[in-house]
Amino acid sequence: MSDFTTWDILRNLLLAARWTVLLSLVSFIGGGIVGALLLFARTAKGKAGPAFVKTYVELFQGTPLLMQLFLAFFGLGLFGIDVPAWLAASVALILWSAAFLTEIWRGCVESIARGQWEASASLGMGYVQQMRHVVLPQALRIAVPPTVGFSVQVVKGTALTSIIGFVELSKAGTVVTNATFEPFKVYGLVALIYFCLCWPLSKSSQILERKLNVAHRNH
Amino acid sequence: MSLIEITEVKKRFGDNEVLKGINIDVAPGEVIAIIGKSGSGKSTLLRCINGLETIDEGSISVAGAQLLPDELHLKALRLKVGMIFQQFNLFPHLTAGRNVMLSQMVVKKTPKAEAEEIAKRMLERVGLAHKFDAYPDQLSGGQQQRVAIARALAMQPIALLCDEITSALDPELVSEVLAVVKELASEGMTLIMVTHEMRFARDVCSRVVFMHQGRVHEIGPPEEVFADPKTPELKQFLGVTH
């Protein structure tokens with residue numbers, strides 16, 4: 001007989017879910033900042049910057065997130081650097097998000113007509129000024145829905161960090177299951193909490209898409 | 001003293017040499033029409049003058065500013081020559097007024113109030129003062145092109161390049177844009193325009209350049225070029241049959 005009530009289980013899962021939310025925020029915001037820097041390097045003239053970012057994106061998109069987490073966690077350990085799980089998880093997820101966000105945003109920047117670049121160049125603007133005042137304001141509108149959509153992937157991606165021992169929602173699910181021996185109930189609740197986090201994000205992505213399209217048609 | 005000096009300019013796209021040694025000198029206040037078939041290199045030449053295309057050989061200078069492929073030299077050059085495009089290329093996320101203000105504030109660091117003042121004056125000059133707060137897609141093609149002209153003028157260039165600026169317009173909108181260009185010409189603005197408007201070229205331009213296969217095939221005052229074409233290519237282009 002289990003000594004745990006459903007409320008006990010849910011309460012513990014919700015406490016751990018805070019870490020899922022925090023890790024998601026850190027990954028998404030950190031990934032956004034790194035991704036924006038990479039975007040500038042990727043779309044600039046010259047060879048070295050774009051080539052570097054291209055390789056970076058291919059590496060991170062071409063390997064499983066789980067391997068990236070292992071490498072961040074164990075890799076630095078090889079050099080005698082003790083990496084706590086939360087740090088390895090944050091770093092790996094930030095770099096992973098950055099790769100995907102850069103690629104999403106690059107698509108948005110490249111969808112801006114060449115005439116916009118030429119007109120702003122002919123008025124004497126430099127690359128950063130063109131990006132800042134002409135291209136990004138237009139690209140942003142296109143970028144919002146896929147970016148919000150990607151945040152769902154980040155939330156779900158944090159589940160993998162349980163493998164390296166970071167106690168977030170999934171890890172808490174395992175721990176609670178080991179105590180209660182009710183895996184179906186516990187993981188059912190875990191899934192439900194993930195759904196409650198992700199569903200509003202996907203929904204808002206859809207709403208934003210509709211809203212921004214309408215705005216675009218009006219002017 | 002020439003304002004724009006184009007000397008032995010060559011330009012290749014891969015194996016295809018589109019400009020095969022162009023020499024044109026433009027005096028201040030001249031209005032030059034470049035005519036020719038599509039693929040003759042006329043748009044490419046225009047785009048080279050303000051550095052939208054790099055050149056492989058030769059040199060271009062505008063009022064002492066050399067065309068060199070680094071951002072600093074390009075900026076100096078582009079402050080002297082404005083450009084107007086076939087597709088208008090207004091910034092769709094900004095109002096007409098903002099379109100005219102943006103580059104003044106960003107490139108010349110003009111204070112906002114002053115930029116706004118200049119923008120209003122420039123829009124008035126093209127007859128669109130009342131459209132200051134309209135977004136580009138609320139304007140007709142002709143109005144958009146006039147805003148684009150105002151935007152270029154706000155940077156106070158000493159020459160303007162016009163790349164088939166009426167080709168994307170409905171026929172009834174062509175004249176309002178040409179009227180603005182004519183006005184500029186009469187005020188002494190140096191203009192180089194690639195155009196298909198032969199009547200306009202004849203009426204307004206001081207010289208006509210006929211380009212054929214990447215070369216200046218004929219050049220001269222419009223009455224000469226149009227009335228008495230020397231080469232069979234120009235005769236064919238103008239539809240003159242003998």
# chains A, B, ... in the order shown; residues from 1 in each chain; ligands from 1

call {"tool": "interface_residues", "arguments": {"of": "chain B", "to": "chain A", "cutoff": "7 Å", "atoms": "only C-alpha atoms", "output": "PDB file with N, CA and C atoms, in the first residue's frame"}}
result
ATOM      1  N   ASN B  50      26.849  53.668 -57.962  1.00  0.00           N
ATOM      2  CA  ASN B  50      26.819  53.891 -56.510  1.00  0.00           C
ATOM      3  C   ASN B  50      27.183  52.629 -55.716  1.00  0.00           C
ATOM      4  N   LEU B  52      26.429  49.390 -55.893  1.00  0.00           N
ATOM      5  CA  LEU B  52      25.609  48.210 -55.637  1.00  0.00           C
ATOM      6  C   LEU B  52      26.199  46.989 -56.336  1.00  0.00           C
ATOM      7  N   GLU B  71      33.336  49.823 -46.794  1.00  0.00           N
ATOM      8  CA  GLU B  71      32.130  50.499 -46.336  1.00  0.00           C
ATOM      9  C   GLU B  71      32.312  52.022 -46.237  1.00  0.00           C
ATOM     10  N   LYS B  75      30.140  54.628 -48.429  1.00  0.00           N
ATOM     11  CA  LYS B  75      29.258  55.576 -47.767  1.00  0.00           C
ATOM     12  C   LYS B  75      29.488  56.994 -48.306  1.00  0.00           C
ATOM     13  N   ARG B  78      27.974  57.202 -51.695  1.00  0.00           N
ATOM     14  CA  ARG B  78      26.510  57.144 -51.714  1.00  0.00           C
ATOM     15  C   ARG B  78      25.874  58.402 -51.134  1.00  0.00           C
ATOM     16  N   LEU B  79      26.662  59.161 -50.334  1.00  0.00           N
ATOM     17  CA  LEU B  79      26.136  60.437 -49.862  1.00  0.00           C
ATOM     18  C   LEU B  79      26.078  61.445 -51.010  1.00  0.00           C
ATOM     19  N   GLY B  82      22.287  59.666 -55.048  1.00  0.00           N
ATOM     20  CA  GLY B  82      21.113  58.934 -54.590  1.00  0.00           C
ATOM     21  C   GLY B  82      20.658  57.994 -55.692  1.00  0.00           C
ATOM     22  N   MET B  83      19.831  57.013 -55.306  1.00  0.00           N
ATOM     23  CA  MET B  83      19.344  56.089 -56.327  1.00  0.00           C
ATOM     24  C   MET B  83      17.856  55.844 -56.140  1.00  0.00           C
ATOM     25  N   ASN B  89      11.053  50.212 -53.562  1.00  0.00           N
ATOM     26  CA  ASN B  89      11.803  49.782 -52.388  1.00  0.00           C
ATOM     27  C   ASN B  89      11.634  50.703 -51.185  1.00  0.00           C
ATOM     28  N   PHE B  91      10.484  51.408 -47.359  1.00  0.00           N
ATOM     29  CA  PHE B  91      10.488  50.525 -46.203  1.00  0.00           C
ATOM     30  C   PHE B  91       9.036  50.344 -45.748  1.00  0.00           C
ATOM     31  N   HIS B  93       7.525  49.026 -43.307  1.00  0.00           N
ATOM     32  CA  HIS B  93       7.133  49.110 -41.904  1.00  0.00           C
ATOM     33  C   HIS B  93       7.140  50.550 -41.392  1.00  0.00           C
ATOM     34  N   SER B 103      17.095  57.713 -43.018  1.00  0.00           N
ATOM     35  CA  SER B 103      18.521  57.738 -43.342  1.00  0.00           C
ATOM     36  C   SER B 103      19.175  59.044 -42.902  1.00  0.00           C
ATOM     37  N   VAL B 107      22.195  57.968 -40.812  1.00  0.00           N
ATOM     38  CA  VAL B 107      23.468  58.122 -41.509  1.00  0.00           C
ATOM     39  C   VAL B 107      24.097  59.486 -41.226  1.00  0.00           C
ATOM     40  N   TYR B 135       1.211  54.743 -44.778  1.00  0.00           N
ATOM     41  CA  TYR B 135       2.167  53.658 -45.007  1.00  0.00           C
ATOM     42  C   TYR B 135       2.270  53.374 -46.502  1.00  0.00           C
ATOM     43  N   ASP B 137       1.915  50.850 -48.401  1.00  0.00           N
ATOM     44  CA  ASP B 137       0.886  50.101 -49.121  1.00  0.00           C
ATOM     45  C   ASP B 137      -0.476  50.800 -49.126  1.00  0.00           C
ATOM     46  N   GLN B 138      -0.533  51.995 -48.540  1.00  0.00           N
ATOM     47  CA  GLN B 138      -1.739  52.803 -48.684  1.00  0.00           C
ATOM     48  C   GLN B 138      -1.596  53.805 -49.829  1.00  0.00           C
ATOM     49  N   ALA B 152      15.356  59.982 -51.405  1.00  0.00           N
ATOM     50  CA  ALA B 152      16.706  60.168 -51.934  1.00  0.00           C
ATOM     51  C   ALA B 152      17.121  61.635 -51.839  1.00  0.00           C
TER      52      ALA B 152
END

call {"tool": "residues_around", "arguments": {"residues": "Ile158 of chain B", "least_positions_apart": "3", "cutoff": "7 Å", "atoms": "only C-alpha atoms", "output": "list in words"}}
result
Lys80, Val81, Met189 and Thr190 of chain B

call {"tool": "write_last_selection", "arguments": {"atoms": "N, CA and C atoms", "output": "CSV table (one decimal), in the first residue's frame"}}
result
chain,number,residue,atom,x,y,z
B,80,LYS,N,26.8,61.2,-52.1
B,80,LYS,CA,26.8,62.1,-53.2
B,80,LYS,C,25.9,61.7,-54.3
B,81,VAL,N,25.6,60.4,-54.5
B,81,VAL,CA,24.6,60.0,-55.5
B,81,VAL,C,23.5,59.2,-54.8
B,189,MET,N,19.5,69.6,-61.1
B,189,MET,CA,20.0,68.3,-60.5
B,189,MET,C,20.7,67.5,-61.6
B,190,THR,N,21.8,66.9,-61.3
B,190,THR,CA,22.4,66.0,-62.3
B,190,THR,C,21.7,64.6,-62.2

call {"tool": "atom_distance", "arguments": {"atom1": "atom CA of His73 of chain B", "atom2": "atom CA of Leu90 of chain B"}}
result
24.4 Å

call {"tool": "residues_around", "arguments": {"residues": "Glu117 of chain B", "least_positions_apart": "3", "cutoff": "12 Å", "atoms": "only C-alpha atoms", "output": "PyMOL selection string"}}
result
chain B and resi 97-98+100-101+104-105+110-114+120-124+129+132+154

call {"tool": "write_last_selection", "arguments": {"atoms": "N, CA and C atoms", "output": "mmCIF file, in the first residue's frame"}}
result
data_model
loop_
_atom_site.group_PDB
_atom_site.id
_atom_site.type_symbol
_atom_site.label_atom_id
_atom_site.label_comp_id
_atom_site.auth_asym_id
_atom_site.auth_seq_id
_atom_site.Cartn_x
_atom_site.Cartn_y
_atom_site.Cartn_z
ATOM 1 N N GLY B 97 6.627 59.592 -44.216
ATOM 2 C CA GLY B 97 7.478 60.579 -43.545
ATOM 3 C C GLY B 97 8.695 59.929 -42.902
ATOM 4 N N ARG B 98 8.449 58.803 -42.230
ATOM 5 C CA ARG B 98 9.544 58.071 -41.577
ATOM 6 C C ARG B 98 10.542 57.538 -42.597
ATOM 7 N N VAL B 100 11.395 58.964 -45.250
ATOM 8 C CA VAL B 100 12.258 60.065 -45.665
ATOM 9 C C VAL B 100 13.183 60.494 -44.519
ATOM 10 N N MET B 101 12.715 60.295 -43.281
ATOM 11 C CA MET B 101 13.510 60.735 -42.127
ATOM 12 C C MET B 101 14.645 59.768 -41.780
ATOM 13 N N GLN B 104 18.401 60.134 -42.888
ATOM 14 C CA GLN B 104 18.965 61.394 -42.365
ATOM 15 C C GLN B 104 19.420 61.212 -40.926
ATOM 16 N N MET B 105 18.533 60.557 -40.130
ATOM 17 C CA MET B 105 18.837 60.416 -38.707
ATOM 18 C C MET B 105 19.928 59.389 -38.464
ATOM 19 N N THR B 110 21.225 63.582 -38.223
ATOM 20 C CA THR B 110 20.415 64.793 -38.132
ATOM 21 C C THR B 110 19.441 64.653 -36.955
ATOM 22 N N PRO B 111 19.296 65.685 -36.127
ATOM 23 C CA PRO B 111 18.323 65.594 -35.024
ATOM 24 C C PRO B 111 16.915 65.366 -35.579
ATOM 25 N N LYS B 112 16.082 64.693 -34.766
ATOM 26 C CA LYS B 112 14.783 64.242 -35.256
ATOM 27 C C LYS B 112 13.919 65.399 -35.785
ATOM 28 N N ALA B 113 13.876 66.485 -35.020
ATOM 29 C CA ALA B 113 13.007 67.600 -35.407
ATOM 30 C C ALA B 113 13.418 68.148 -36.768
ATOM 31 N N GLU B 114 14.717 68.268 -36.959
ATOM 32 C CA GLU B 114 15.215 68.810 -38.222
ATOM 33 C C GLU B 114 14.939 67.843 -39.373
ATOM 34 N N LYS B 120 9.246 66.833 -44.428
ATOM 35 C CA LYS B 120 8.019 67.515 -44.837
ATOM 36 C C LYS B 120 8.261 68.340 -46.096
ATOM 37 N N ARG B 121 9.420 69.006 -46.121
ATOM 38 C CA ARG B 121 9.729 69.848 -47.268
ATOM 39 C C ARG B 121 9.900 69.005 -48.531
ATOM 40 N N MET B 122 10.597 67.863 -48.362
ATOM 41 C CA MET B 122 10.844 67.001 -49.524
ATOM 42 C C MET B 122 9.544 66.387 -50.037
ATOM 43 N N LEU B 123 8.680 65.972 -49.109
ATOM 44 C CA LEU B 123 7.401 65.401 -49.542
ATOM 45 C C LEU B 123 6.557 66.458 -50.235
ATOM 46 N N GLU B 124 6.661 67.683 -49.751
ATOM 47 C CA GLU B 124 5.932 68.769 -50.392
ATOM 48 C C GLU B 124 6.444 68.993 -51.817
ATOM 49 N N ALA B 129 2.848 66.158 -49.413
ATOM 50 C CA ALA B 129 2.940 66.601 -48.021
ATOM 51 C C ALA B 129 1.820 66.001 -47.179
ATOM 52 N N PHE B 132 2.191 62.289 -45.294
ATOM 53 C CA PHE B 132 3.307 62.083 -44.359
ATOM 54 C C PHE B 132 3.100 60.846 -43.504
ATOM 55 N N ALA B 154 16.248 63.849 -49.694
ATOM 56 C CA ALA B 154 16.470 64.301 -48.323
ATOM 57 C C ALA B 154 17.932 64.172 -47.920
#

call {"tool": "residues_around", "arguments": {"residues": "segment 49-56 of chain A", "least_positions_apart": "3", "cutoff": "10 Å", "atoms": "only C-alpha atoms", "output": "list of chain:residue names"}}
result
A:Gly35, A:Leu37, A:Leu38, A:Leu39, A:Phe40, A:Ala41, A:Arg42, A:Thr43, A:Ala44, A:Lys45, A:Gly46, A:Leu59, A:Phe60, A:Gln61, A:Gly62, A:Leu95, A:Trp96, A:Ala98, A:Ala99, A:Thr102, A:Glu103

call {"tool": "select_by_dssp", "arguments": {"residues": "segment 54-93 of chain B", "states": "alpha helix (DSSP H)", "output": "count of residues only"}}
result
8

call {"tool": "closest_residue", "arguments": {"among": "B:Ser140, B:Val209, B:Val106, B:Leu184", "to": "Asp170 of chain B", "atoms": "only C-alpha atoms"}}
result
B:Ser140

call {"tool": "closest_residue", "arguments": {"among": "A:Thr6, A:Ser111, A:Thr147, A:Gln153", "to": "Leu197 of chain A", "atoms": "only C-alpha atoms"}}
result
A:Gln153

call {"tool": "residues_around", "arguments": {"residues": "Leu45 of chain B", "least_positions_apart": "4", "cutoff": "8 Å", "atoms": "only C-alpha atoms", "output": "PyMOL selection string"}}
result
chain B and resi 19+41+49

call {"tool": "closest_residue", "arguments": {"among": "A:Val109, A:Ala85, A:Ile9, A:Leu71", "to": "Leu189 of chain A", "atoms": "only C-alpha atoms"}}
result
A:Ile9

call {"tool": "residues_around", "arguments": {"residues": "Gly39 of chain B", "least_positions_apart": "6", "cutoff": "9 Å", "atoms": "only C-alpha atoms", "output": "VMD selection string"}}
result
chain B and resid 18 212 to 214

call {"tool": "write_last_selection", "arguments": {"atoms": "C-alpha atoms", "output": "PDB file, in the first residue's frame"}}
result
ATOM      1  CA  VAL B  18      28.393  42.653 -69.223  1.00  0.00           C
ATOM      2  CA  HIS B 212      24.599  47.678 -76.959  1.00  0.00           C
ATOM      3  CA  GLN B 213      26.296  44.462 -75.830  1.00  0.00           C
ATOM      4  CA  GLY B 214      28.123  46.052 -72.938  1.00  0.00           C
TER       5      GLY B 214
END

call {"tool": "closest_residue", "arguments": {"among": "A:Ala88, A:Val176, A:Phe100, A:Gly157", "to": "Gly32 of chain A", "atoms": "only C-alpha atoms"}}
result
A:Phe100

call {"tool": "closest_residue", "arguments": {"among": "A:Leu76, A:Ala159, A:Leu69, A:Val186", "to": "Thr5 of chain A", "atoms": "only C-alpha atoms"}}
result
A:Val186

call {"tool": "residues_around", "arguments": {"residues": "segment 196-203 of chain B", "least_positions_apart": "5", "cutoff": "10 Å", "atoms": "only C-alpha atoms", "output": "VMD selection string"}}
result
chain B and resid 31 to 37 164 to 167 174 to 175 178 to 179 181 to 182 208 221 to 227 238

call {"tool": "atom_distance", "arguments": {"atom1": "atom CA of Leu68 of chain B", "atom2": "atom CA of Thr54 of chain B"}}
result
8.3 Å
